[in-house]
Protein chains: 2
Amino acid sequence: MSPATATQNHAEIGNTLLAESVRQRIRSGKLTGHTSGLADQHVQGNVVILPQALATDFLGFCQKNPKPCPLLAVSKPGEFLLPTLGAHVDIRTDVPRYRVWRNGELVDEPTDITALWRDDLVTFVIGCSFSFEQALLDAGLPLRHIEQEKNVAMFRSNIATEAVGPFGGPMVVSMRPFSAAAAIRAVEITARFPQVHGAPVHIGSPHLIGIRDLSNPDYGDAVDIRDDEIPVFWACGVTPQAAITLAKPDFCITHAPGAMLITDLLNQDMSIP
Amino acid sequence: MSPATATQNHAEIGNTLLAESVRQRIRSGKLTGHTSGLADQHVQGNVVILPQALATDFLGFCQKNPKPCPLLAVSKPGEFLLPTLGAHVDIRTDVPRYRVWRNGELVDEPTDITALWRDDLVTFVIGCSFSFEQALLDAGLPLRHIEQEKNVAMFRSNIATEAVGPFGGPMVVSMRPFSAAAAIRAVEITARFPQVHGAPVHIGSPHLIGIRDLSNPDYGDAVDIRDDEIPVFWACGVTPQAAITLAKPDFCITHAPGAMLITDLLNQDMSIP
C-alpha cells in the first residue's frame, strides 16, 4: 500500500467513524436539533416514511420530480436498517427529530420512532442541499445563513410538482442570496450535483415564482439580503412535507426540517465529473 | 470502416466544405456583412492584427484576460495563412469586413487588407460567443437577437480588464435576455465552453456593472427585454477593440463587430465534457 493510499484510507475510515459517532449521539438522544455543519463531509438526507399502500405513488412522485426529490435510498416494507447509507443506520432512532403526521396534520415531534414502527412502513431518503453547500464554501462563496448561524430560508413556491396519485402541490425552494458573480459560480457548481437538487430552479424576482416576502419564509429562518445581491432558489427536499399536508395520508413520519439523517456517503461522491 | 465512421467522416467533410465555401464567398467580396448563422456548426473568431512590437504585450493581455480574450490562434510575424484554423484560411481576405485603426482612431472599414499587409504583422484570433449560441439554441433556449434578426447587444462595462503594457480598460460584455429558468440553463451550458467566453460574468441589474441603459448598446443592436426576463452578460471578444481605442497603437486591424472569421473548427469541439 502506498503512503498516499494509506492516508486516503485512514481519512475515509476517520470520516465514516465521524458520521457514525454523530449518529450515536443522535441515537442516544444527546443531539436533537439541526444537523447543519455536523459530519460536514457526509451526505445528509431528507426522510419520508409511509405505509406500503402509499409507497408506490410516492416513489412515482419522487421519480417524476427529481429536482426536489432526488432519491438516495428506498427501503423494503418494514426494514428499519439502511445498509446502503451506513453499516449501523437505523431509521427508527438516527434522525435527531421526527415529525409524525396523521391525516395530513402534524401531531408530534419525537426524537425516536421505535414505538411507532410498523411492518408495512417504507422509508425514502432524499438528497439535501447541505451536500452542495460544502462545495460552495470550498469555492469561496459565502453562505449567509451559515454566517448568521441560521437554518436556510425555505418557501412554498407556485412552481407545481408533477402529481402522482395523491402526491402533488407546490415545490418548496430554499433561497440563498449571492452577488451576481457568485450566483453564476453557484449555478456552475451545483449543476454538478444532480443527486442533491442540482442547479437552481429560479434566480432573481421572487414574485415570479409566487413568493411575496423573502423576510417571511415558510420554513427555516429569514436571512439578510444586500442591495447588490440576487436571491437564488433551489428545489428543496422539504417539498414532500408540503405534498403530505395536501395528500393527508392516514399515517406518515418525516424528519423535522433541518434535522437530517447523516449518512456514511461522502458529499464529494455526489458530484458528477 | 464501419457505417457509423463513414457517416461521421462524410459529415465532417461536408461541414468543412461548407465553412470553406462561405469563406470563398467572403474572399471574393460577395459577402461583406455579419456572419451570424453562417456555417453555423463552425467556430467563428474575433480578429486582432498588430505590429510585432506590440504583439508580446497583447498576447499577455489575452492570457491575463481569458474570459473576454480566449485565444484560438496566434500567427508568426508576417504569416497570413492560418492552417490550424482551416487549410485555406487567409487572414488578408477571409474576414467580411475589417476595421483599420491608426493611433486608436478608426480610419477605414475595407473588405480586404491585402494592400495593407506587412511582414511584421501578427494575427490573434479570439473565440466568439456564436459558438455557444448554437448550444443554447440546441437546448431550446430562445435568443432574442436572432428572433429579431439583429446583431447581439454589446456594452462597455465597468469591469476592469487586467492591463498588460498599453492594453487594458473596461471589459466589453454581450447581453442576452432570458427567463430565470432559461438563464440558469444558459449558465450551465456556457460554462462548458471556456474557449469561447465560458459562463456569464454578470446576471441581473445592469447598473452594478456600470451599464446605464440597456436600450442603448455601445456595439450591436438593442433587443426587447420582457418583464419576466433577466439580462445575462457574457465577456465579449470586442473587448480588445475597446483596449485599442485606449492603447492607441500606431497601426492595428480588427474585424468589424459581428463580421467574424469563419474557421473549420467545430463548435461542438469547443465544449469540455
# chains A, B, ... in the order shown; residues from 1 in each chain; ligands from 1
call {"tool": "interface_residues", "arguments": {"of": "chain A", "to": "chain B", "cutoff": "8 Å", "atoms": "only C-alpha atoms", "output": "JSON, numbers by chain"}}
result
{"A": [180, 181, 184, 187, 188, 191, 199, 200, 201, 202, 203, 204, 208, 228, 230]}
call {"tool": "write_last_selection", "arguments": {"atoms": "C-alpha atoms", "output": "PDB file, in the first residue's frame"}}
result
ATOM      1  CA  ALA A 180     -24.193  38.224  -9.351  1.00  0.00           C
ATOM      2  CA  ALA A 181     -20.729  36.760  -9.954  1.00  0.00           C
ATOM      3  CA  ILE A 184     -23.137  32.406 -11.591  1.00  0.00           C
ATOM      4  CA  VAL A 187     -25.114  27.681 -10.720  1.00  0.00           C
ATOM      5  CA  GLU A 188     -21.970  26.175 -12.247  1.00  0.00           C
ATOM      6  CA  ALA A 191     -25.215  21.806 -11.645  1.00  0.00           C
ATOM      7  CA  ALA A 199     -28.760  23.636 -10.408  1.00  0.00           C
ATOM      8  CA  PRO A 200     -31.186  26.307  -9.130  1.00  0.00           C
ATOM      9  CA  VAL A 201     -34.803  26.393 -10.319  1.00  0.00           C
ATOM     10  CA  HIS A 202     -35.093  30.192 -10.150  1.00  0.00           C
ATOM     11  CA  ILE A 203     -32.942  33.292  -9.861  1.00  0.00           C
ATOM     12  CA  GLY A 204     -33.985  36.899  -9.313  1.00  0.00           C
ATOM     13  CA  LEU A 208     -42.228  35.355 -10.482  1.00  0.00           C
ATOM     14  CA  ASP A 228     -26.089  44.180  -4.673  1.00  0.00           C
ATOM     15  CA  ILE A 230     -29.671  38.446  -6.077  1.00  0.00           C
TER      16      ILE A 230
END
call {"tool": "residues_around", "arguments": {"residues": "range 37-41 of chain A", "least_positions_apart": "3", "cutoff": "6 Å", "atoms": "only C-alpha atoms", "output": "number ranges by chain"}}
result
A: 19, 266-267
call {"tool": "atom_distance", "arguments": {"atom1": "CA of Ala247 in chain A", "atom2": "CA of Tyr98 in chain A"}}
result
18.7 Å
call {"tool": "closest_residue", "arguments": {"among": "A:Leu121, A:Met270, A:Leu141, A:Val152", "to": "Phe193 in chain A", "atoms": "only C-alpha atoms"}}
result
A:Met270
call {"tool": "select_by_dssp", "arguments": {"residues": "range 32-165 of chain B", "states": "helix (DSSP H, G or I)", "output": "list in words"}}
result
Gln52, Ala53, Leu54, Ala55, Thr56, Asp57, Phe58, Leu59, Gly60, Phe61, Cys62, Gln63, Lys64, Thr114, Ala115, Leu116, Phe130, Ser131, Phe132, Glu133, Gln134, Ala135, Leu136, Leu137, Asp138, Arg144, His145, Ile146 and Glu147 of chain B
call {"tool": "write_last_selection", "arguments": {"atoms": "N, CA and C atoms", "output": "compact mmCIF listing (two decimals), in the first residue's frame"}}
result
# COMPACT_ATOMS: atom_id res chain seq x y z
N GLN B 52 4.44 43.51 -34.74
CA GLN B 52 5.17 42.63 -33.84
C GLN B 52 5.62 43.32 -32.56
N ALA B 53 5.96 44.61 -32.65
CA ALA B 53 6.44 45.33 -31.46
C ALA B 53 5.41 45.35 -30.33
N LEU B 54 4.13 45.24 -30.68
CA LEU B 54 3.08 45.26 -29.66
C LEU B 54 2.53 43.87 -29.35
N ALA B 55 2.98 42.87 -30.13
CA ALA B 55 2.34 41.54 -30.05
C ALA B 55 2.55 40.87 -28.71
N THR B 56 3.74 41.04 -28.11
CA THR B 56 4.01 40.37 -26.83
C THR B 56 3.09 40.90 -25.74
N ASP B 57 2.93 42.23 -25.70
CA ASP B 57 2.02 42.80 -24.71
C ASP B 57 0.59 42.34 -24.96
N PHE B 58 0.18 42.30 -26.23
CA PHE B 58 -1.20 41.91 -26.49
C PHE B 58 -1.43 40.44 -26.16
N LEU B 59 -0.44 39.60 -26.45
CA LEU B 59 -0.53 38.19 -26.06
C LEU B 59 -0.69 38.08 -24.53
N GLY B 60 0.11 38.83 -23.80
CA GLY B 60 -0.01 38.83 -22.34
C GLY B 60 -1.38 39.29 -21.88
N PHE B 61 -1.91 40.32 -22.55
CA PHE B 61 -3.26 40.83 -22.22
C PHE B 61 -4.31 39.74 -22.39
N CYS B 62 -4.22 39.00 -23.49
CA CYS B 62 -5.18 37.90 -23.73
C CYS B 62 -5.02 36.82 -22.66
N GLN B 63 -3.78 36.50 -22.32
CA GLN B 63 -3.55 35.43 -21.35
C GLN B 63 -4.01 35.83 -19.95
N LYS B 64 -3.94 37.11 -19.63
CA LYS B 64 -4.40 37.57 -18.32
C LYS B 64 -5.91 37.72 -18.27
N THR B 114 -5.22 43.03 -48.20
CA THR B 114 -4.00 42.58 -48.88
C THR B 114 -3.04 43.74 -49.12
N ALA B 115 -3.59 44.89 -49.49
CA ALA B 115 -2.75 46.05 -49.79
C ALA B 115 -2.10 46.64 -48.55
N LEU B 116 -2.67 46.32 -47.38
CA LEU B 116 -2.14 46.85 -46.11
C LEU B 116 -1.17 45.90 -45.43
N PHE B 130 -20.72 33.23 -30.69
CA PHE B 130 -21.54 32.49 -31.65
C PHE B 130 -21.42 30.98 -31.40
N SER B 131 -20.25 30.52 -30.93
CA SER B 131 -20.05 29.08 -30.72
C SER B 131 -20.97 28.52 -29.65
N PHE B 132 -21.15 29.28 -28.55
CA PHE B 132 -22.05 28.73 -27.53
C PHE B 132 -23.51 29.03 -27.85
N GLU B 133 -23.76 30.02 -28.72
CA GLU B 133 -25.17 30.29 -29.08
C GLU B 133 -25.80 29.07 -29.74
N GLN B 134 -25.03 28.34 -30.55
CA GLN B 134 -25.58 27.14 -31.17
C GLN B 134 -26.00 26.14 -30.11
N ALA B 135 -25.17 25.99 -29.07
CA ALA B 135 -25.50 25.06 -27.98
C ALA B 135 -26.74 25.53 -27.22
N LEU B 136 -26.89 26.85 -27.05
CA LEU B 136 -28.09 27.38 -26.39
C LEU B 136 -29.33 27.08 -27.23
N LEU B 137 -29.23 27.32 -28.53
CA LEU B 137 -30.37 27.03 -29.42
C LEU B 137 -30.68 25.53 -29.41
N ASP B 138 -29.63 24.71 -29.44
CA ASP B 138 -29.84 23.25 -29.44
C ASP B 138 -30.57 22.80 -28.17
N ARG B 144 -33.01 36.26 -28.34
CA ARG B 144 -33.84 37.37 -28.80
C ARG B 144 -33.26 38.04 -30.04
N HIS B 145 -31.92 38.27 -30.06
CA HIS B 145 -31.35 39.00 -31.20
C HIS B 145 -31.47 38.19 -32.49
N ILE B 146 -31.49 36.87 -32.37
CA ILE B 146 -31.68 36.06 -33.58
C ILE B 146 -33.15 36.09 -33.99
N GLU B 147 -34.06 35.99 -33.00
CA GLU B 147 -35.51 36.12 -33.29
C GLU B 147 -35.80 37.45 -33.98
call {"tool": "residues_around", "arguments": {"residues": "Thr245 in chain B", "least_positions_apart": "4", "cutoff": "7 Å", "atoms": "only C-alpha atoms", "output": "MDAnalysis selection string"}}
result
chainID B and resid 104:105 241
call {"tool": "atom_distance", "arguments": {"atom1": "CA of Gln148 in chain A", "atom2": "CA of Ala222 in chain A"}}
result
9.9 Å
call {"tool": "atom_distance", "arguments": {"atom1": "CA of His34 in chain A", "atom2": "CA of Pro257 in chain A"}}
result
8.0 Å
call {"tool": "select_by_dssp", "arguments": {"residues": "range 92-150 of chain A", "states": "strand (DSSP E or B)", "output": "list of chain:residue names"}}
result
A:Tyr98, A:Arg99, A:Val100, A:Trp101, A:Arg102, A:Glu105, A:Leu106, A:Val107, A:Asp108, A:Leu121, A:Val122, A:Thr123, A:Phe124, A:Val125, A:Ile126, A:Gly127
call {"tool": "residues_around", "arguments": {"residues": "Thr161 in chain B", "least_positions_apart": "4", "cutoff": "10 Å", "atoms": "only C-alpha atoms", "output": "ChimeraX atom specification"}}
result
/B:61-62,64-68,167-172,239-240,243
